[in-house]
file query29.pdb (PDB, C-alpha atoms)
MODEL        1
ATOM      1  CA  MET A   1      18.934  18.959  -1.971
ATOM      2  CA  LYS A   2      20.762  15.775  -2.905
ATOM      3  CA  ASN A   3      21.155  14.935   0.779
ATOM      4  CA  LEU A   4      17.453  15.534   1.380
ATOM      5  CA  ILE A   5      16.469  13.171  -1.425
ATOM      6  CA  GLY A   6      18.913  10.560  -0.162
ATOM      7  CA  SER A   7      17.564  10.915   3.362
ATOM      8  CA  GLU A   8      13.982  10.607   2.154
ATOM      9  CA  LEU A   9      14.789   7.522   0.085
ATOM     10  CA  GLU A  10      16.532   5.969   3.069
ATOM     11  CA  ARG A  11      13.484   6.680   5.214
ATOM     12  CA  ILE A  12      11.156   5.181   2.613
ATOM     13  CA  PHE A  13      13.102   1.968   2.091
ATOM     14  CA  SER A  14      13.864   1.458   5.776
ATOM     15  CA  SER A  15      10.200   1.800   6.699
ATOM     16  CA  LYS A  16       8.463  -1.420   7.697
ATOM     17  CA  LYS A  17       5.303  -0.193   5.985
ATOM     18  CA  THR A  18       7.164   0.256   2.695
ATOM     19  CA  LYS A  19       8.687  -3.211   2.914
ATOM     20  CA  VAL A  20       5.328  -4.816   3.653
ATOM     21  CA  THR A  21       3.692  -2.830   0.847
ATOM     22  CA  PHE A  22       6.331  -3.939  -1.658
ATOM     23  CA  ILE A  23       6.015  -7.569  -0.580
ATOM     24  CA  VAL A  24       2.222  -7.439  -0.864
ATOM     25  CA  SER A  25       2.447  -5.785  -4.280
ATOM     26  CA  MET A  26       4.809  -8.492  -5.532
ATOM     27  CA  ILE A  27       2.547 -11.247  -4.200
ATOM     28  CA  LEU A  28      -0.438  -9.674  -5.951
ATOM     29  CA  LEU A  29       1.612  -9.288  -9.127
ATOM     30  CA  ILE A  30       2.532 -12.977  -9.104
ATOM     31  CA  LEU A  31      -1.102 -13.956  -8.565
ATOM     32  CA  ILE A  32      -2.141 -11.734 -11.476
ATOM     33  CA  LEU A  33       0.577 -13.242 -13.677
ATOM     34  CA  PHE A  34      -0.753 -16.748 -13.153
ATOM     35  CA  PHE A  35      -4.364 -15.599 -13.434
ATOM     36  CA  VAL A  36      -3.758 -13.967 -16.829
ATOM     37  CA  LYS A  37      -1.675 -16.931 -17.987
ATOM     38  CA  ILE A  38      -4.548 -19.343 -17.340
ATOM     39  CA  GLY A  39      -6.740 -17.684 -19.951
ATOM     40  CA  GLU A  40      -3.862 -16.672 -22.245
ATOM     41  CA  THR A  41      -6.110 -13.901 -23.534
ATOM     42  CA  GLY A  42      -5.526 -10.165 -23.358
ATOM     43  CA  PHE A  43      -8.290  -7.572 -23.584
ATOM     44  CA  TYR A  44      -8.200  -4.160 -25.233
ATOM     45  CA  ASP A  45     -11.786  -3.665 -24.085
ATOM     46  CA  PRO A  46     -14.567  -6.128 -23.145
ATOM     47  CA  LYS A  47     -15.267  -6.858 -26.817
ATOM     48  CA  ILE A  48     -11.781  -6.945 -28.349
ATOM     49  CA  SER A  49      -9.190  -9.494 -27.278
ATOM     50  CA  VAL A  50      -6.001 -11.137 -28.487
ATOM     51  CA  LYS A  51      -4.267 -14.440 -27.832
ATOM     52  CA  LEU A  52      -1.249 -13.942 -25.598
ATOM     53  CA  ASN A  53       2.253 -15.187 -26.237
ATOM     54  CA  SER A  54       5.742 -14.613 -24.892
ATOM     55  CA  LEU A  55       6.112 -11.287 -26.722
ATOM     56  CA  ASN A  56       2.801  -9.493 -26.125
ATOM     57  CA  PHE A  57       2.114 -10.668 -22.561
ATOM     58  CA  ALA A  58       3.601  -7.813 -20.511
ATOM     59  CA  PRO A  59       1.138  -4.955 -21.240
ATOM     60  CA  PHE A  60      -1.916  -6.980 -20.280
ATOM     61  CA  ILE A  61      -0.706  -7.569 -16.736
ATOM     62  CA  LEU A  62      -1.251  -3.869 -16.106
ATOM     63  CA  ARG A  63      -4.961  -4.244 -16.821
ATOM     64  CA  GLU A  64      -5.314  -5.736 -13.330
ATOM     65  CA  PHE A  65      -2.111  -4.653 -11.604
ATOM     66  CA  HIS A  66      -2.651  -0.968 -12.362
ATOM     67  CA  MET A  67      -5.803  -1.012 -10.238
ATOM     68  CA  VAL A  68      -3.771  -2.415  -7.351
ATOM     69  CA  LEU A  69      -1.262   0.393  -7.784
ATOM     70  CA  ALA A  70      -3.874   3.123  -8.202
ATOM     71  CA  ILE A  71      -6.197   2.383  -5.295
ATOM     72  CA  ILE A  72      -3.933   0.590  -2.803
ATOM     73  CA  ILE A  73      -0.165   0.883  -3.236
ATOM     74  CA  CYS A  74       0.156   4.482  -4.442
ATOM     75  CA  PRO A  75      -2.202   6.078  -1.897
ATOM     76  CA  MET A  76      -0.623   4.130   0.968
ATOM     77  CA  LEU A  77       2.898   5.349   0.226
ATOM     78  CA  PHE A  78       2.254   8.756  -1.336
ATOM     79  CA  THR A  79      -0.134  10.092   1.292
ATOM     80  CA  GLU A  80       2.022   8.659   4.079
ATOM     81  CA  SER A  81       5.007  10.597   2.788
ATOM     82  CA  PHE A  82       3.194  13.917   2.504
ATOM     83  CA  ASN A  83       1.004  13.654   5.582
ATOM     84  CA  SER A  84       2.184  11.435   8.433
ATOM     85  CA  GLU A  85       5.233  13.447   9.467
ATOM     86  CA  ARG A  86       3.124  16.578   9.723
ATOM     87  CA  THR A  87       0.295  14.953  11.671
ATOM     88  CA  ASN A  88       2.774  13.253  14.014
ATOM     89  CA  GLY A  89       4.598  16.490  14.667
ATOM     90  CA  TYR A  90       7.904  15.320  13.185
ATOM     91  CA  TYR A  91       8.131  18.370  10.940
ATOM     92  CA  ARG A  92       8.924  20.500  13.953
ATOM     93  CA  MET A  93      12.221  18.636  14.226
ATOM     94  CA  ILE A  94      12.801  18.678  10.483
ATOM     95  CA  MET A  95      12.193  22.420  10.228
ATOM     96  CA  ILE A  96      15.210  23.210  12.411
ATOM     97  CA  ARG A  97      17.436  21.814   9.663
ATOM     98  CA  PRO A  98      18.839  24.293   7.099
ATOM     99  CA  TYR A  99      16.372  23.421   4.349
ATOM    100  CA  SER A 100      13.406  25.318   2.978
ATOM    101  CA  LYS A 101       9.884  23.928   2.762
ATOM    102  CA  LEU A 102      10.209  23.957  -1.013
ATOM    103  CA  GLN A 103      13.289  21.757  -0.834
ATOM    104  CA  MET A 104      11.489  19.407   1.532
ATOM    105  CA  PHE A 105       8.523  19.169  -0.803
ATOM    106  CA  LEU A 106      10.681  18.552  -3.872
ATOM    107  CA  SER A 107      12.705  15.889  -2.072
ATOM    108  CA  LYS A 108       9.523  14.034  -1.141
ATOM    109  CA  TRP A 109       8.048  14.272  -4.629
ATOM    110  CA  ILE A 110      11.265  13.196  -6.341
ATOM    111  CA  SER A 111      11.921  10.348  -3.902
ATOM    112  CA  GLN A 112       8.403   8.987  -4.385
ATOM    113  CA  ALA A 113       8.810   9.260  -8.158
ATOM    114  CA  ILE A 114      12.072   7.311  -7.896
ATOM    115  CA  THR A 115      10.479   4.704  -5.616
ATOM    116  CA  PHE A 116       7.648   3.984  -8.009
ATOM    117  CA  GLY A 117       9.972   4.155 -10.982
ATOM    118  CA  ILE A 118      11.848   1.271  -9.378
ATOM    119  CA  LEU A 119       8.588  -0.591  -8.736
ATOM    120  CA  ILE A 120       7.442  -0.167 -12.341
ATOM    121  CA  LEU A 121      10.850  -1.298 -13.619
ATOM    122  CA  ILE A 122      10.777  -4.392 -11.397
ATOM    123  CA  THR A 123       7.250  -5.147 -12.597
ATOM    124  CA  PHE A 124       8.364  -4.786 -16.212
ATOM    125  CA  ILE A 125      11.308  -7.145 -15.752
ATOM    126  CA  ILE A 126       9.233  -9.760 -13.924
ATOM    127  CA  THR A 127       6.445  -9.737 -16.517
ATOM    128  CA  ILE A 128       8.875  -9.942 -19.438
ATOM    129  CA  VAL A 129      10.759 -12.867 -17.890
ATOM    130  CA  PHE A 130       7.528 -14.617 -16.897
ATOM    131  CA  GLY A 131       6.152 -14.174 -20.403
ATOM    132  CA  TYR A 132       9.218 -15.751 -21.979
ATOM    133  CA  LEU A 133       9.198 -18.656 -19.527
ATOM    134  CA  ALA A 134       5.488 -19.411 -19.162
ATOM    135  CA  LEU A 135       3.715 -18.274 -22.343
ATOM    136  CA  PRO A 136       3.810 -19.905 -25.791
ATOM    137  CA  GLU A 137       6.985 -18.926 -27.602
ATOM    138  CA  ALA A 138       6.560 -16.592 -30.567
ATOM    139  CA  SER A 139       8.876 -15.046 -33.127
ATOM    140  CA  GLU A 140       6.644 -12.028 -33.715
ATOM    141  CA  ALA A 141       3.699 -10.295 -32.074
ATOM    142  CA  ASN A 142       0.764  -8.075 -32.945
ATOM    143  CA  PHE A 143      -0.701  -5.301 -30.834
ATOM    144  CA  PHE A 144      -4.062  -3.573 -31.010
ATOM    145  CA  ASN A 145      -4.676  -1.015 -33.757
ATOM    146  CA  ILE A 146      -1.116  -1.200 -35.084
ATOM    147  CA  ALA A 147      -0.528  -2.492 -38.591
ATOM    148  CA  GLY A 148       2.167  -5.095 -39.064
ATOM    149  CA  SER A 149       3.987  -7.404 -36.703
ATOM    150  CA  PHE A 150       6.730  -6.789 -34.178
ATOM    151  CA  SER A 151       9.926  -8.803 -33.995
ATOM    152  CA  LYS A 152      11.282  -9.913 -30.628
ATOM    153  CA  VAL A 153      13.298  -6.725 -30.274
ATOM    154  CA  GLY A 154      10.435  -4.585 -31.571
ATOM    155  CA  ALA A 155       7.987  -6.186 -29.143
ATOM    156  CA  LEU A 156      10.392  -5.633 -26.246
ATOM    157  CA  LEU A 157      10.727  -1.949 -27.155
ATOM    158  CA  PHE A 158       6.946  -1.634 -27.468
ATOM    159  CA  ASN A 159       6.489  -3.201 -24.041
ATOM    160  CA  PHE A 160       9.081  -0.849 -22.559
ATOM    161  CA  LYS A 161       7.314   2.192 -24.024
ATOM    162  CA  PHE A 162       4.043   0.826 -22.661
ATOM    163  CA  TYR A 163       5.481   0.722 -19.148
ATOM    164  CA  LEU A 164       6.924   4.217 -19.561
ATOM    165  CA  CYS A 165       3.409   5.446 -20.313
ATOM    166  CA  GLU A 166       2.164   3.556 -17.266
ATOM    167  CA  TYR A 167       4.785   5.346 -15.196
ATOM    168  CA  LEU A 168       3.467   8.679 -16.462
ATOM    169  CA  VAL A 169      -0.021   7.716 -15.280
ATOM    170  CA  ILE A 170       1.450   6.742 -11.899
ATOM    171  CA  LEU A 171       3.038  10.198 -11.652
ATOM    172  CA  ALA A 172      -0.391  11.713 -12.291
ATOM    173  CA  ILE A 173      -1.752   9.638  -9.415
ATOM    174  CA  LEU A 174       1.219  10.776  -7.317
ATOM    175  CA  SER A 175       0.179  14.375  -7.938
ATOM    176  CA  ILE A 176      -3.359  13.653  -6.757
ATOM    177  CA  ASN A 177      -2.123  11.748  -3.704
ATOM    178  CA  ALA A 178       0.360  14.494  -2.824
ATOM    179  CA  LEU A 179      -2.410  17.084  -2.960
ATOM    180  CA  MET A 180      -4.646  14.964  -0.728
ATOM    181  CA  GLY A 181      -1.737  14.385   1.641
ATOM    182  CA  VAL A 182      -1.228  18.123   2.035
ATOM    183  CA  LEU A 183      -4.929  18.972   2.289
ATOM    184  CA  MET A 184      -6.179  16.289   4.662
ATOM    185  CA  PRO A 185      -5.595  16.406   8.440
ATOM    186  CA  ASN A 186      -4.373  12.788   8.709
ATOM    187  CA  SER A 187      -3.136   9.863   6.625
ATOM    188  CA  VAL A 188      -6.391   7.905   6.770
ATOM    189  CA  LEU A 189      -8.451  10.755   5.346
ATOM    190  CA  ALA A 190      -5.714  11.456   2.797
ATOM    191  CA  PHE A 191      -5.869   7.817   1.666
ATOM    192  CA  ILE A 192      -9.667   7.892   1.426
ATOM    193  CA  GLY A 193      -9.555  11.211  -0.405
ATOM    194  CA  SER A 194      -6.991   9.953  -2.916
ATOM    195  CA  VAL A 195      -8.944   6.796  -3.693
ATOM    196  CA  GLY A 196     -12.175   8.779  -3.808
ATOM    197  CA  VAL A 197     -10.802  11.249  -6.352
ATOM    198  CA  CYS A 198      -9.519   8.484  -8.640
ATOM    199  CA  LEU A 199     -12.720   6.445  -8.422
ATOM    200  CA  GLY A 200     -14.925   9.520  -8.608
ATOM    201  CA  SER A 201     -13.220  10.623 -11.798
ATOM    202  CA  LEU A 202     -14.833   7.633 -13.545
ATOM    203  CA  TYR A 203     -18.248   9.231 -13.057
ATOM    204  CA  ILE A 204     -17.252  12.846 -13.659
ATOM    205  CA  VAL A 205     -15.097  12.807 -16.796
ATOM    206  CA  ASP A 206     -14.982   9.722 -19.013
ATOM    207  CA  LYS A 207     -11.510  10.577 -20.270
ATOM    208  CA  LEU A 208     -10.125  10.247 -16.736
ATOM    209  CA  GLU A 209     -10.935   6.548 -16.524
ATOM    210  CA  PHE A 210      -7.258   5.870 -17.241
ATOM    211  CA  LEU A 211      -6.544   6.694 -13.594
ATOM    212  CA  ILE A 212      -8.112   3.311 -12.758
ATOM    213  CA  PHE A 213      -8.052   1.495 -16.117
ATOM    214  CA  SER A 214      -4.899   2.569 -17.931
ATOM    215  CA  THR A 215      -4.181  -0.086 -20.562
ATOM    216  CA  LYS A 216      -6.700   0.890 -23.253
ATOM    217  CA  GLY A 217      -5.579   4.506 -23.159
ATOM    218  CA  ILE A 218      -1.915   3.528 -23.358
ATOM    219  CA  PHE A 219      -2.586   1.291 -26.359
ATOM    220  CA  ASP A 220      -4.309   4.290 -27.959
ATOM    221  CA  ILE A 221      -1.241   6.458 -27.326
ATOM    222  CA  LEU A 222       1.185   3.972 -28.846
ATOM    223  CA  SER A 223      -1.050   3.283 -31.839
ATOM    224  CA  GLY A 224      -1.562   6.998 -32.479
ATOM    225  CA  ILE A 225      -5.348   6.802 -32.093
ATOM    226  CA  SER A 226      -5.574   9.240 -29.194
ATOM    227  CA  MET A 227      -3.170  11.260 -27.067
ATOM    228  CA  SER A 228      -5.792  12.101 -24.437
ATOM    229  CA  VAL A 229      -4.220   9.943 -21.708
ATOM    230  CA  LEU A 230      -0.852  11.574 -22.311
ATOM    231  CA  LEU A 231      -2.289  15.087 -22.283
ATOM    232  CA  TYR A 232      -4.539  14.562 -19.261
ATOM    233  CA  SER A 233      -1.719  12.889 -17.336
ATOM    234  CA  LEU A 234       0.607  15.820 -17.969
ATOM    235  CA  LEU A 235      -2.148  18.274 -17.038
ATOM    236  CA  ILE A 236      -2.881  16.453 -13.768
ATOM    237  CA  ILE A 237       0.833  16.261 -12.949
ATOM    238  CA  ILE A 238       1.321  19.990 -13.507
ATOM    239  CA  ILE A 239      -1.812  21.101 -11.640
ATOM    240  CA  GLY A 240      -1.369  18.611  -8.802
ATOM    241  CA  PHE A 241       2.326  19.328  -8.404
ATOM    242  CA  LEU A 242       1.987  23.110  -8.386
ATOM    243  CA  SER A 243      -1.074  23.245  -6.139
ATOM    244  CA  SER A 244       0.327  20.799  -3.565
ATOM    245  CA  MET A 245       3.665  22.624  -3.628
ATOM    246  CA  VAL A 246       2.034  25.994  -2.954
ATOM    247  CA  LEU A 247      -0.088  24.552  -0.141
ATOM    248  CA  PHE A 248       2.857  22.693   1.388
ATOM    249  CA  VAL A 249       5.151  25.723   1.330
ATOM    250  CA  ASN A 250       2.533  28.047   2.823
ATOM    251  CA  LYS A 251       1.190  25.676   5.468
ATOM    252  CA  ASP A 252       2.042  26.232   9.119
ATOM    253  CA  TYR A 253       3.721  23.133  10.575
ATOM    254  CA  LYS A 254       4.604  24.568  13.949
ATOM    255  CA  CYS A 255       1.718  22.969  15.747
TER
ENDMDL
END

call {"tool": "encode", "arguments": {"input": "query29.pdb", "output": "structure tokens"}}
result
Amino acid sequence: MKNLIGSELERIFSSKKTKVTFIVSMILLILILFFVKIGETGFYDPKISVKLNSLNFAPFILREFHMVLAIIICPMLFTESFNSERTNGYYRMIMIRPYSKLQMFLSKWISQAITFGILILITFIITIVFGYLALPEASEANFFNIAGSFSKVGALLFNFKFYLCEYLVILAILSINALMGVLMPNSVLAFIGSVGVCLGSLYIVDKLEFLIFSTKGIFDILSGISMSVLLYSLLIIIIGFLSSMVLFVNKDYKC
């Protein structure tokens, strides 16, 4: 299993598509950083905002960057991993190796989770450093719906927890993308299906808007106002993971 995960990670990071996707995501992140810095204002919702400084800057980057992750970066990499090898016939070569379909599925899921964990961590580091270098210096910070102020260390810990919650939402999107990758006959339809499910959720269930707009829900989690994003994310992860696993294991890849 360890070898499978290592092999999958090597395949992911050696892929030209992955490299281009990471470069594009970093370029978009940098553009968003400067865009948000210009206004120096962060929004909880369209009516509630706060002045940004070096300590509270990081969470508000995700207001825009999460959409890039949700509808472009995640579907491109997730669906590619779970679909392209099957549609290209490569699984016929993989299946002769002494691994079960379940092991193959788990290796793909875990490797994608690791890949985006790295991306979220890099994003966190870049936004923290940028905030300290480019935003007005502050000795304490306030966040929405939380009484009291945060020291530099407290603000850093808050920001880290914020990005951990963002990672949980990304895993929920991974579960959706994995399911689409298994269900759809090719990568293009899997990509369209993944984006369609996330965007369509905005019109079906209001509480699923965090799949596209995550920051308000994460602020609600950390302030204790609502745990709905946490609960729905875990529910989507469990349902998406189990259903895609069952479909993957029982699918015929011989042709």

call {"tool": "atom_distance", "arguments": {"input": "query29.pdb", "atom1": "atom CA of A:Phe82", "atom2": "atom CA of A:Leu234"}}
result
20.7 Å

call {"tool": "closest_residue", "arguments": {"input": "query29.pdb", "among": "A:Leu4, A:Thr123, A:Ser228, A:Lys19", "to": "A:Leu164", "atoms": "all atoms listed in the file"}}
result
A:Thr123

call {"tool": "closest_residue", "arguments": {"input": "query29.pdb", "among": "A:Phe43, A:Leu29, A:Met67, A:Thr215", "to": "A:Ile125", "atoms": "only C-alpha atoms"}}
result
A:Leu29

call {"tool": "atom_distance", "arguments": {"input": "query29.pdb", "atom1": "atom CA of A:Ser107", "atom2": "atom CA of A:Met245"}}
result
11.4 Å

call {"tool": "resolve_selection", "arguments": {"input": "query29.pdb", "expression": "the PyMOL selection byres ((chain A and resi 205-213) around 8)", "output": "PDB file with C-alpha atoms, keeping the file's coordinate frame"}}
result
ATOM      1  CA  ARG A  63      -4.961  -4.244 -16.821  1.00  0.00           C
ATOM      2  CA  HIS A  66      -2.651  -0.968 -12.362  1.00  0.00           C
ATOM      3  CA  MET A  67      -5.803  -1.012 -10.238  1.00  0.00           C
ATOM      4  CA  ALA A  70      -3.874   3.123  -8.202  1.00  0.00           C
ATOM      5  CA  ILE A  71      -6.197   2.383  -5.295  1.00  0.00           C
ATOM      6  CA  VAL A 169      -0.021   7.716 -15.280  1.00  0.00           C
ATOM      7  CA  ILE A 173      -1.752   9.638  -9.415  1.00  0.00           C
ATOM      8  CA  CYS A 198      -9.519   8.484  -8.640  1.00  0.00           C
ATOM      9  CA  LEU A 199     -12.720   6.445  -8.422  1.00  0.00           C
ATOM     10  CA  SER A 201     -13.220  10.623 -11.798  1.00  0.00           C
ATOM     11  CA  LEU A 202     -14.833   7.633 -13.545  1.00  0.00           C
ATOM     12  CA  TYR A 203     -18.248   9.231 -13.057  1.00  0.00           C
ATOM     13  CA  ILE A 204     -17.252  12.846 -13.659  1.00  0.00           C
ATOM     14  CA  SER A 214      -4.899   2.569 -17.931  1.00  0.00           C
ATOM     15  CA  THR A 215      -4.181  -0.086 -20.562  1.00  0.00           C
ATOM     16  CA  LYS A 216      -6.700   0.890 -23.253  1.00  0.00           C
ATOM     17  CA  GLY A 217      -5.579   4.506 -23.159  1.00  0.00           C
ATOM     18  CA  SER A 228      -5.792  12.101 -24.437  1.00  0.00           C
ATOM     19  CA  VAL A 229      -4.220   9.943 -21.708  1.00  0.00           C
ATOM     20  CA  TYR A 232      -4.539  14.562 -19.261  1.00  0.00           C
TER      21      TYR A 232
END

call {"tool": "residues_around", "arguments": {"input": "query29.pdb", "residues": "A:Lys251", "least_positions_apart": "3", "cutoff": "10 Å", "atoms": "only C-alpha atoms", "output": "PDB file with C-alpha atoms, keeping the file's coordinate frame"}}
result
ATOM      1  CA  LYS A 101       9.884  23.928   2.762  1.00  0.00           C
ATOM      2  CA  VAL A 182      -1.228  18.123   2.035  1.00  0.00           C
ATOM      3  CA  LEU A 183      -4.929  18.972   2.289  1.00  0.00           C
ATOM      4  CA  MET A 245       3.665  22.624  -3.628  1.00  0.00           C
ATOM      5  CA  VAL A 246       2.034  25.994  -2.954  1.00  0.00           C
ATOM      6  CA  LEU A 247      -0.088  24.552  -0.141  1.00  0.00           C
ATOM      7  CA  PHE A 248       2.857  22.693   1.388  1.00  0.00           C
ATOM      8  CA  LYS A 254       4.604  24.568  13.949  1.00  0.00           C
TER       9      LYS A 254
END

call {"tool": "atom_distance", "arguments": {"input": "query29.pdb", "atom1": "atom CA of A:Glu80", "atom2": "atom CA of A:Val188"}}
result
8.9 Å
